[in-house]
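Just below is one structure, and these are the notes that go with it.
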Amino acid sequence: MSAKQQVNNKTTLGEHAIVIGGSIAGLLTARVLSDYFERVTIFEADTPPDEAVPRKGVPQGSHVHGLLAGGGAVITKFFPDIHEDLLAAGVEYGDAMTDVRMFVGGRWSPRIESGINQYVMSRPLLEATVRKHTLAIPNVELRVATSVSAYAHSTRDAHGAGPTHSTREASSTTNATKTVVTGVTLEEGGESIAADFVADVSGRNSKASTWIEQLGYARPQRTTIGIDVGYVTFEMQGPPDKERDWSFVFTTPGSIPDETRGAGLFCIEGGRYLVTAAGNHKDYPPTDWAGFLAFLKGLPYPDIYEEIKDLQPIGEAKEYRYASYLRRHYEQLSDFPAGLVVLGDAMCSFNPIYGQGMTVAAKEAEYLDVCLLKCVENGNMDNLAQSFFAGAAKFIDAAWDGVTVEDFRYPQTRGDRPKGFAVAKWLNSKFFALSATDPEFAVAFSKVFHLMEPPSSVLKPKYLLKALFAKKPVYDKSPPAQRST
Ligand SMILES: Cc1cc2nc3c(=O)[nH]c(=O)nc-3n(C[C@H](O)[C@H](O)[C@H](O)COP(=O)(O)OP(=O)(O)OC[C@H]3O[C@@H](n4cnc5c(N)ncnc54)[C@H](O)[C@@H]3O)c2cc1C
């Protein structure tokens, strides 16, 4: 790697970095790369609108998107001014336990002060605001309506000598030579754009694994877990004068595996309500308004139905079918091209019900920052991808294990139950039971759910002992408690 250069008081690792994909994960990645490269170009296939409205390239954007507190913390760290901007746009920001009404596992979550703060807004507003702040960075550029169709590459001596030649004969790559990704090829016109570093953040349908295979590398192993979740969403104007003691309401199946239905109601900017109904294992919600309301009325507790039954939907229902989790195990590859990483849904796509995708992507960007700083200290980017994938796999594992254990309770769920599944399932149910009666534990458990703390933070003897004796709470059909403050 070239000698370090100082640009705008920042240390750089090269002249140009490219980000493929300008959605949440791509924008946050560009923010990180802007500290290390003289300029960063984001290539985005879609043309994101200036306004906060759903767009074609992110079809999931019409549906309820929860930003976990762990993700919000990373975003506000990257963009210190964004908080004010979000509030000015009408985003609600409050305590993730006090200001939220949640029916989880057959009981109401305690509405206690947790100190865990969460933003509630539409996905398009979050993306538009993050985009605005990313593009305010002087060395970041977004090229819209520009699809990337391949990586440009060359080979170099594996012991560090610089690029030797440019070739498509990638299958001849051996231990003695190393492929270096040297940029990207654009779909339209086939133009090659050179870069010192490429981040592939092009979402779940990313072609990264195919493209590295074409360069002579093994494809990553995939893990899929089939859950067949269906989402149906309606938007409406919320009642103007009604008092609310919540920013969102959330209902999950009361008893798994017997129940498959849940829903989320968000109060988003502009006083609008966004309601998503979800059904696991092909128990898809209806798309007509009357059927949708009936679905909500039939939930373990019909509070979302009560909140919206007299309102009028704006426009048609939006529908999304999500068949399976998909994880590509880049961390298991023994060899990987230099000058490239893969992040976001391109690496791991989670069951959307648990709201982890954007937060895990934010944490990946944060961890890429750590790895790049190490590169600056070392004076080269050797093994950057390997270190990044290995570190990211640890917190992806934590997020993945915490929620897949719940989905595996359904016998219909497709995929291999992990070793120790029976113990993990038992422990999780004990933790849910304890969080119903022990406020201190409820907060600690919630911090793990919000990806603020690792699972080890609740695996402490004091909690494990209490959890051992925790009794399963009764299935609670009583009305929800009001916010206490
Ligand atoms: C129904 C649903 C609900 C969800 N709910 C939540 C939630 O509540 N909370 C949460 O945190 N997450 C949620 N997620 C996940 C969340 O949407 C993603 O994790 C998040 O968008 C980050 O993804 P990404 O940026 O990696 O990819 P995406 O958002 O999919 O974006 C990929 C981008 O790459 C662009 N692109 C693709 N190919 C190319 C190419 N060749 N060249 C240039 N550009 C390209 C696309 O146009 C797109 O803009 C949900 C997902 C779904 C499906």
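For the structure tokens, the naming scheme is as follows: chains receive sequential letters (A, B, ...) according to their order of presentation, residues are indexed from 1 within each chain, and ligands are indexed from 1 in presentation order.
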Please identify which residues in range 219-329 of chain A DSSP calls strand (DSSP E or B) from the backbone, and express them as a PyMOL selection string.
chain A and resi 222-237+248-251+261-268+272-279+313-328
Close residues, Glu127 in chain A itself excluded, 8 Å, only C-alpha atoms, min 2 positions apart in chain, as a ChimeraX atom specification
/A:23-24,52,123-125,129-131
Write out the residues from the selection above, keeping C-alpha atoms, as a PDB file, in the first residue's frame.
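The result, stored in result_19.pdb:
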ATOM      1  CA  SER A  23     -28.764   2.059   0.692  1.00  0.00           C
ATOM      2  CA  ILE A  24     -28.361   2.231   4.483  1.00  0.00           C
ATOM      3  CA  ALA A  52     -38.438  10.486   1.983  1.00  0.00           C
ATOM      4  CA  ARG A 123     -37.433   3.683   6.523  1.00  0.00           C
ATOM      5  CA  PRO A 124     -37.376   6.198   3.592  1.00  0.00           C
ATOM      6  CA  LEU A 125     -36.900   9.100   6.019  1.00  0.00           C
ATOM      7  CA  THR A 129     -31.484  11.671   6.131  1.00  0.00           C
ATOM      8  CA  VAL A 130     -28.445   9.394   6.249  1.00  0.00           C
ATOM      9  CA  ARG A 131     -27.941  10.044   2.531  1.00  0.00           C
TER      10      ARG A 131
END
Can you check which residues of range 10-186 of chain A DSSP gives as alpha helix (DSSP H) on the backbone and send them as a ChimeraX atom specification?
/A:24-33,69-78,82-88,123-135
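Summary of the local environment: counting only C-alpha atoms, residues at most 7 Å from range 359-368 of chain A, other than itself and those fewer than 2 positions away along its chain, are Ala25, Leu28, Thr29, Val32, Leu67, Leu68, Gly70, Gly71, Val74, Leu343, Gly344, Gln356, Gly357, Val370, Cys371, Leu372, Phe388, Ala392 and Ile396 of chain A.
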Convert the current residue selection to file output with N, CA and C atoms, as an mmCIF file, in the first residue's frame.
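To be explicit, this is the file written out as result16.cif:
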data_model
loop_
_atom_site.group_PDB
_atom_site.id
_atom_site.type_symbol
_atom_site.label_atom_id
_atom_site.label_comp_id
_atom_site.auth_asym_id
_atom_site.auth_seq_id
_atom_site.Cartn_x
_atom_site.Cartn_y
_atom_site.Cartn_z
ATOM 1 N N ALA A 25 -26.690 0.454 4.387
ATOM 2 C CA ALA A 25 -25.363 -0.106 4.660
ATOM 3 C C ALA A 25 -24.307 0.576 3.784
ATOM 4 N N LEU A 28 -23.493 4.163 5.109
ATOM 5 C CA LEU A 28 -22.669 4.150 6.326
ATOM 6 C C LEU A 28 -21.239 3.702 6.004
ATOM 7 N N THR A 29 -21.125 2.792 5.058
ATOM 8 C CA THR A 29 -19.783 2.347 4.643
ATOM 9 C C THR A 29 -19.023 3.505 3.995
ATOM 10 N N VAL A 32 -17.598 5.807 6.524
ATOM 11 C CA VAL A 32 -16.360 5.295 7.136
ATOM 12 C C VAL A 32 -15.187 5.461 6.161
ATOM 13 N N LEU A 67 -35.453 0.757 13.975
ATOM 14 C CA LEU A 67 -34.001 0.925 14.116
ATOM 15 C C LEU A 67 -33.668 0.628 15.577
ATOM 16 N N LEU A 68 -32.982 -0.474 15.824
ATOM 17 C CA LEU A 68 -32.644 -0.838 17.202
ATOM 18 C C LEU A 68 -31.714 0.232 17.783
ATOM 19 N N GLY A 70 -28.936 0.001 19.264
ATOM 20 C CA GLY A 70 -27.518 -0.183 18.916
ATOM 21 C C GLY A 70 -27.188 0.440 17.565
ATOM 22 N N GLY A 71 -28.111 0.364 16.628
ATOM 23 C CA GLY A 71 -27.894 0.953 15.300
ATOM 24 C C GLY A 71 -28.000 2.468 15.361
ATOM 25 N N VAL A 74 -24.785 3.988 16.577
ATOM 26 C CA VAL A 74 -23.705 4.054 15.577
ATOM 27 C C VAL A 74 -23.971 5.221 14.615
ATOM 28 N N LEU A 343 -20.416 -6.207 2.719
ATOM 29 C CA LEU A 343 -21.093 -5.829 3.965
ATOM 30 C C LEU A 343 -22.612 -5.822 3.788
ATOM 31 N N GLY A 344 -23.314 -5.677 4.909
ATOM 32 C CA GLY A 344 -24.767 -5.491 4.909
ATOM 33 C C GLY A 344 -25.500 -6.767 4.532
ATOM 34 N N GLN A 356 -33.260 -6.403 12.834
ATOM 35 C CA GLN A 356 -31.820 -6.361 13.080
ATOM 36 C C GLN A 356 -30.972 -5.857 11.913
ATOM 37 N N GLY A 357 -31.519 -5.941 10.674
ATOM 38 C CA GLY A 357 -30.692 -5.752 9.477
ATOM 39 C C GLY A 357 -29.909 -4.455 9.456
ATOM 40 N N VAL A 370 -12.701 0.188 12.502
ATOM 41 C CA VAL A 370 -11.652 -0.350 13.390
ATOM 42 C C VAL A 370 -10.562 -1.032 12.551
ATOM 43 N N CYS A 371 -10.997 -1.834 11.574
ATOM 44 C CA CYS A 371 -10.038 -2.581 10.745
ATOM 45 C C CYS A 371 -9.202 -1.633 9.875
ATOM 46 N N LEU A 372 -9.845 -0.587 9.361
ATOM 47 C CA LEU A 372 -9.104 0.350 8.502
ATOM 48 C C LEU A 372 -8.077 1.134 9.314
ATOM 49 N N PHE A 388 -11.707 -8.301 8.857
ATOM 50 C CA PHE A 388 -13.065 -7.743 8.927
ATOM 51 C C PHE A 388 -14.107 -8.861 9.032
ATOM 52 N N ALA A 392 -16.544 -9.400 12.192
ATOM 53 C CA ALA A 392 -17.978 -9.180 11.948
ATOM 54 C C ALA A 392 -18.758 -10.460 12.247
ATOM 55 N N ILE A 396 -22.318 -10.910 14.192
ATOM 56 C CA ILE A 396 -23.427 -11.469 13.395
ATOM 57 C C ILE A 396 -23.923 -12.746 14.083
#
When you look at Val198 in chain A with a cut-off of 8 Å (counting only C-alpha atoms), what residues show up, excluding the ones that are within fewer than 3 positions of it in the same chain? I need them as a PyMOL selection string.
chain A and resi 17-20+181-184+195+339-341
Near range 257-263 of chain A, within 10 Å and counting only C-alpha atoms, which residues show up once chain neighbours fewer than 5 positions away are dropped, as a PDB file with C-alpha atoms, in the first residue's frame?
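Output contents, as saved in result-v8.pdb:
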ATOM      1  CA  VAL A  64     -42.342  -0.906   9.187  1.00  0.00           C
ATOM      2  CA  PHE A 103     -46.889  -7.888  23.662  1.00  0.00           C
ATOM      3  CA  VAL A 104     -44.117 -10.464  23.536  1.00  0.00           C
ATOM      4  CA  VAL A 229     -42.829 -14.697   6.518  1.00  0.00           C
ATOM      5  CA  GLY A 230     -45.391 -12.517   4.768  1.00  0.00           C
ATOM      6  CA  TYR A 231     -45.695  -8.754   5.396  1.00  0.00           C
ATOM      7  CA  VAL A 232     -48.669  -6.578   4.490  1.00  0.00           C
ATOM      8  CA  THR A 233     -48.540  -2.850   5.241  1.00  0.00           C
ATOM      9  CA  VAL A 249     -46.938  -0.855  19.364  1.00  0.00           C
ATOM     10  CA  PHE A 250     -45.740  -4.349  18.734  1.00  0.00           C
ATOM     11  CA  THR A 251     -47.486  -7.695  19.028  1.00  0.00           C
ATOM     12  CA  THR A 252     -45.686 -10.999  18.531  1.00  0.00           C
ATOM     13  CA  VAL A 275     -49.123  -0.702  10.227  1.00  0.00           C
ATOM     14  CA  THR A 276     -47.471  -3.922   9.181  1.00  0.00           C
ATOM     15  CA  ALA A 277     -49.144  -7.277   9.788  1.00  0.00           C
ATOM     16  CA  ALA A 278     -46.921 -10.334   9.558  1.00  0.00           C
ATOM     17  CA  GLY A 279     -47.540 -14.061   9.427  1.00  0.00           C
ATOM     18  CA  ASN A 280     -44.950 -16.799   9.731  1.00  0.00           C
ATOM     19  CA  HIS A 281     -44.929 -19.974   7.704  1.00  0.00           C
ATOM     20  CA  LYS A 282     -47.203 -18.797   4.909  1.00  0.00           C
ATOM     21  CA  ASP A 283     -49.897 -17.484   7.236  1.00  0.00           C
ATOM     22  CA  TYR A 284     -49.882 -14.419   4.990  1.00  0.00           C
ATOM     23  CA  PRO A 285     -52.015 -11.430   6.016  1.00  0.00           C
ATOM     24  CA  PHE A 295     -56.290 -10.284  10.891  1.00  0.00           C
ATOM     25  CA  LEU A 296     -55.319  -7.590  13.426  1.00  0.00           C
ATOM     26  CA  GLY A 298     -57.528 -11.854  15.770  1.00  0.00           C
ATOM     27  CA  LEU A 299     -54.090 -11.193  17.279  1.00  0.00           C
ATOM     28  CA  PRO A 300     -53.470 -12.304  20.880  1.00  0.00           C
ATOM     29  CA  TYR A 301     -54.507  -8.824  21.987  1.00  0.00           C
ATOM     30  CA  ILE A 304     -53.455  -2.392  17.107  1.00  0.00           C
ATOM     31  CA  TYR A 305     -56.864  -3.107  15.638  1.00  0.00           C
ATOM     32  CA  ILE A 353     -39.485  -9.346  12.157  1.00  0.00           C
ATOM     33  CA  GLU A 406     -37.020 -18.473  18.387  1.00  0.00           C
ATOM     34  CA  ASP A 407     -37.761 -19.344  14.754  1.00  0.00           C
ATOM     35  CA  PHE A 408     -36.543 -22.903  15.213  1.00  0.00           C
ATOM     36  CA  ARG A 409     -39.338 -23.424  17.752  1.00  0.00           C
ATOM     37  CA  TYR A 410     -41.610 -23.899  14.733  1.00  0.00           C
ATOM     38  CA  PRO A 411     -41.279 -27.481  13.484  1.00  0.00           C
ATOM     39  CA  GLN A 412     -41.932 -26.158   9.940  1.00  0.00           C
TER      40      GLN A 412
END
Excluding Ala390 in chain A and its own-chain neighbours fewer than 3 positions away, which residues fall within 6 Å of it when counting only C-alpha atoms? Please give them as an mmCIF file with N, CA and C atoms, in the first residue's frame.
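Generated file (part_13.cif):
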data_model
loop_
_atom_site.group_PDB
_atom_site.id
_atom_site.type_symbol
_atom_site.label_atom_id
_atom_site.label_comp_id
_atom_site.auth_asym_id
_atom_site.auth_seq_id
_atom_site.Cartn_x
_atom_site.Cartn_y
_atom_site.Cartn_z
ATOM 1 N N GLU A 331 -16.404 -15.348 6.268
ATOM 2 C CA GLU A 331 -15.377 -15.528 7.297
ATOM 3 C C GLU A 331 -14.726 -16.907 7.211
ATOM 4 N N SER A 387 -9.599 -10.029 8.388
ATOM 5 C CA SER A 387 -9.830 -9.519 9.762
ATOM 6 C C SER A 387 -11.254 -9.005 9.890
ATOM 7 N N ALA A 393 -18.162 -11.618 11.937
ATOM 8 C CA ALA A 393 -18.874 -12.891 12.151
ATOM 9 C C ALA A 393 -19.255 -13.046 13.622
#
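Proximity ranking of A:Gly238, A:Pro337, A:Gly226, A:Pro418 relative to Ile212 in chain A places A:Pro337 first, based on only C-alpha atoms.
Among the candidates A:Val423, A:Val144, A:Ile314, A:Ala436, the residue lying nearest to ligand 1 is A:Val144 (atoms considered: only C-alpha atoms and all ligand atoms).
Minimum distance to ligand 1 across A:Phe431, A:Phe421, A:Tyr325, A:Tyr93 (counting only C-alpha atoms and all ligand atoms) occurs at A:Tyr325.
Of the listed residues (A:Ala338, A:Leu142, A:Leu465, A:Leu459), A:Ala338 comes nearest to Ser154 in chain A; the distances count only C-alpha atoms.
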